[in-house]
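What follows is a set of notes on a single structure, which appears directly below.
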Number of protein chains: 2
Amino acid sequence: MTTLNRPSAPDGHVCGIDTAMEVIGGKWKVLILWALHEHPYRRFGELRRLIPGITEKVLASHLRELEADGVARRVSYDETPPRVEYSLTEDGIRLNDALQPLAAWGRERPITRELGERAGRGLG
Amino acid sequence: MTTLNRPSAPDGHVCGIDTAMEVIGGKWKVLILWALHEHPYRRFGELRRLIPGITEKVLASHLRELEADGVARRVSYDETPPRVEYSLTEDGIRLNDALQPLAAWGRERPITRELGERAGRGLG
DNA sequence: CGGCATCCTCACGGATACTG
DNA sequence: CAGTATCCGTGAGGATGCCG
């Protein structure tokens with residue numbers, strides 16, 4: 001995220017969506033947000049189980065980025081075995097709320113392309 | 001988009017956001033959507049100028065995907081020189097509307113990370 | 001003007017092993 | 001349990017050139 005040519009709206013037309021996309025741009029970020037949204041806090045392994053297919057490394061890095069972006073919070077308890085709880089910040093909750101219309105669009109949307117094959121996997 | 005392991009919400013919890021992310025997931029898609037939203041129709045070169053940094057190939061492929069996803073429409077006129085106009089479909093307009101809260105979030109958001117360097121390029 | 005055909009890069013994400 | 005460390009593959013995206 002240093003020398004990358006980030007997309008930007010033309011001459012001062014800050015639409016803000018690009019900013020948001022930076023935050024939720026990761027492959028699993030919205031799913032993580034969603035999982036955190038359903039419950040006040042989530043543990044690491046819990047998230048991993050809730051999101052089948054994600055690896056530990058990716059989950060960890062995504063969580064770190066979400067944290068750095070101020071939408072997720074990480075609280076670790078000094079216990080044995082260790083316990084870490086992730087939750088949404090106020091801003092993260094607002095982000096999730098802002099995501100709802102998009103989710104509704106995705107649900108109500110007329111199936112144009114082949115949007116069937118990608119969901120036909122038994123998960124959970 | 002064939003054998004790719006697409007993210008999915010756990011056990012039937014269809015949040016719809018993943019579906020939406022498939023459509024707007026491209027690097028410049030939201031910017032294209034935004035550009036199409038501001039005006040009833042846009043020409044190819046116009047879009048290219050409106051979105052500095054995007055290459056013709058990427059713009060073309062993104063437009064084609066947006067078209068395949070039913071959110072953009074392409075109309076070409078048999079003239080010399082050739083003229084092609086892109087516009088949003090009804091569903092594309094709804095998508096854009098659904099994107100507005102996200103845009104608002106992006107604009108109002110407290111700057112946590114270094115969200116300054118990526119915009120510091122003279123464009124337009 | 002509005003593309004498509006190639007070739008190539010590189011960052012994102014995946015697999016595996018190891019640690020406090 | 002909750003991660004790091006390392007290596008690697010992939011594919012979206014970028015550069016360039018040509019065409020109707």
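A note on labels: chains of the structure tokens are A, B, ... as shown, every chain counts residues from 1, and ligands are counted from 1 in their shown order.
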
List every residue of chain B that DSSP, applied to the backbone of this structure, assigns to helix (DSSP H, G or I), and report them as an NGL selection string. :B and (17-24 or 29-38 or 44-50 or 56-68 or 90-108 or 117-119)

State the Cα RMSD (Å, one decimal) obtained when chain B is least-squares superposed onto chain A, all Cα atoms paired in order.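 With chain B fitted onto chain A, the C-alpha RMSD reads 0.3 Å.
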
Only residues of chain B matter here; which ones have an atom within 9 Å of chain D, counting only C-alpha atoms (C1' of nucleotides)? Give them as a tab-separated table (two decimals) with N, CA and C atoms, in the first residue's frame.
```tsv
chain	number	residue	atom	x	y	z
B	26	GLY	N	-14.26	-5.29	-9.02
B	26	GLY	CA	-13.14	-4.82	-9.83
B	26	GLY	C	-12.53	-3.54	-9.27
B	27	LYS	N	-11.33	-3.30	-9.65
B	27	LYS	CA	-10.58	-2.19	-9.06
B	27	LYS	C	-11.21	-0.83	-9.35
B	54	ILE	N	-6.67	4.54	-15.40
B	54	ILE	CA	-7.20	3.28	-15.95
B	54	ILE	C	-6.72	3.13	-17.40
B	55	THR	N	-6.43	1.91	-17.76
B	55	THR	CA	-6.01	1.66	-19.14
B	55	THR	C	-7.22	1.25	-19.98
B	57	LYS	N	-7.64	-1.29	-21.88
B	57	LYS	CA	-7.97	-2.70	-21.75
B	57	LYS	C	-8.82	-2.98	-20.52
B	58	VAL	N	-8.39	-2.40	-19.42
B	58	VAL	CA	-9.10	-2.63	-18.17
B	58	VAL	C	-10.47	-1.97	-18.20
```

Taking only C-alpha atoms (C1' of nucleotides) into account, find every residue of chain C that has an atom no more than 12 Å from chain A, and write it out as a list in words.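 Putting it all together, I get DC10, DA11, DC12, DG13, DG14, DA15, DT16 and DG20 of chain C.
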
Measure the distance from CA of Glu65 (chain A) to CA of Ile93 (chain A) in Å and round it to one decimal.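 Between CA of Glu65 (chain A) and CA of Ile93 (chain A) the gap works out to 16.0 Å.
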
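Proximity of B:Arg48, B:His62, B:Arg74, B:Arg42 to chain A, computed with only C-alpha atoms, is greatest for B:Arg48.
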
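Separating CA of Ser8 (chain A) from CA of Leu31 (chain B) is a distance of 7.6 Å.
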
Would you list, as a PyMOL selection string, the residues of chain B that end up in strand (DSSP E) under DSSP run on this structure's backbone? chain B and resi 42-43+72-77+83-88

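The nearest approach to chain A among the residues B:Tyr77, B:Trp105, B:Tyr86, B:Phe44, with only C-alpha atoms taken into account, belongs to B:Trp105.
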
Rounded to one decimal place, report the CA of Asp97 (chain B)-CA of Cys15 (chain B) distance in Å.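 Distance reported for this atom pair: 18.0 Å.
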
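Among the candidates A:Arg43, A:Arg73, A:Arg49, A:Arg83, the residue lying nearest to chain B is A:Arg49 (atoms considered: only C-alpha atoms).
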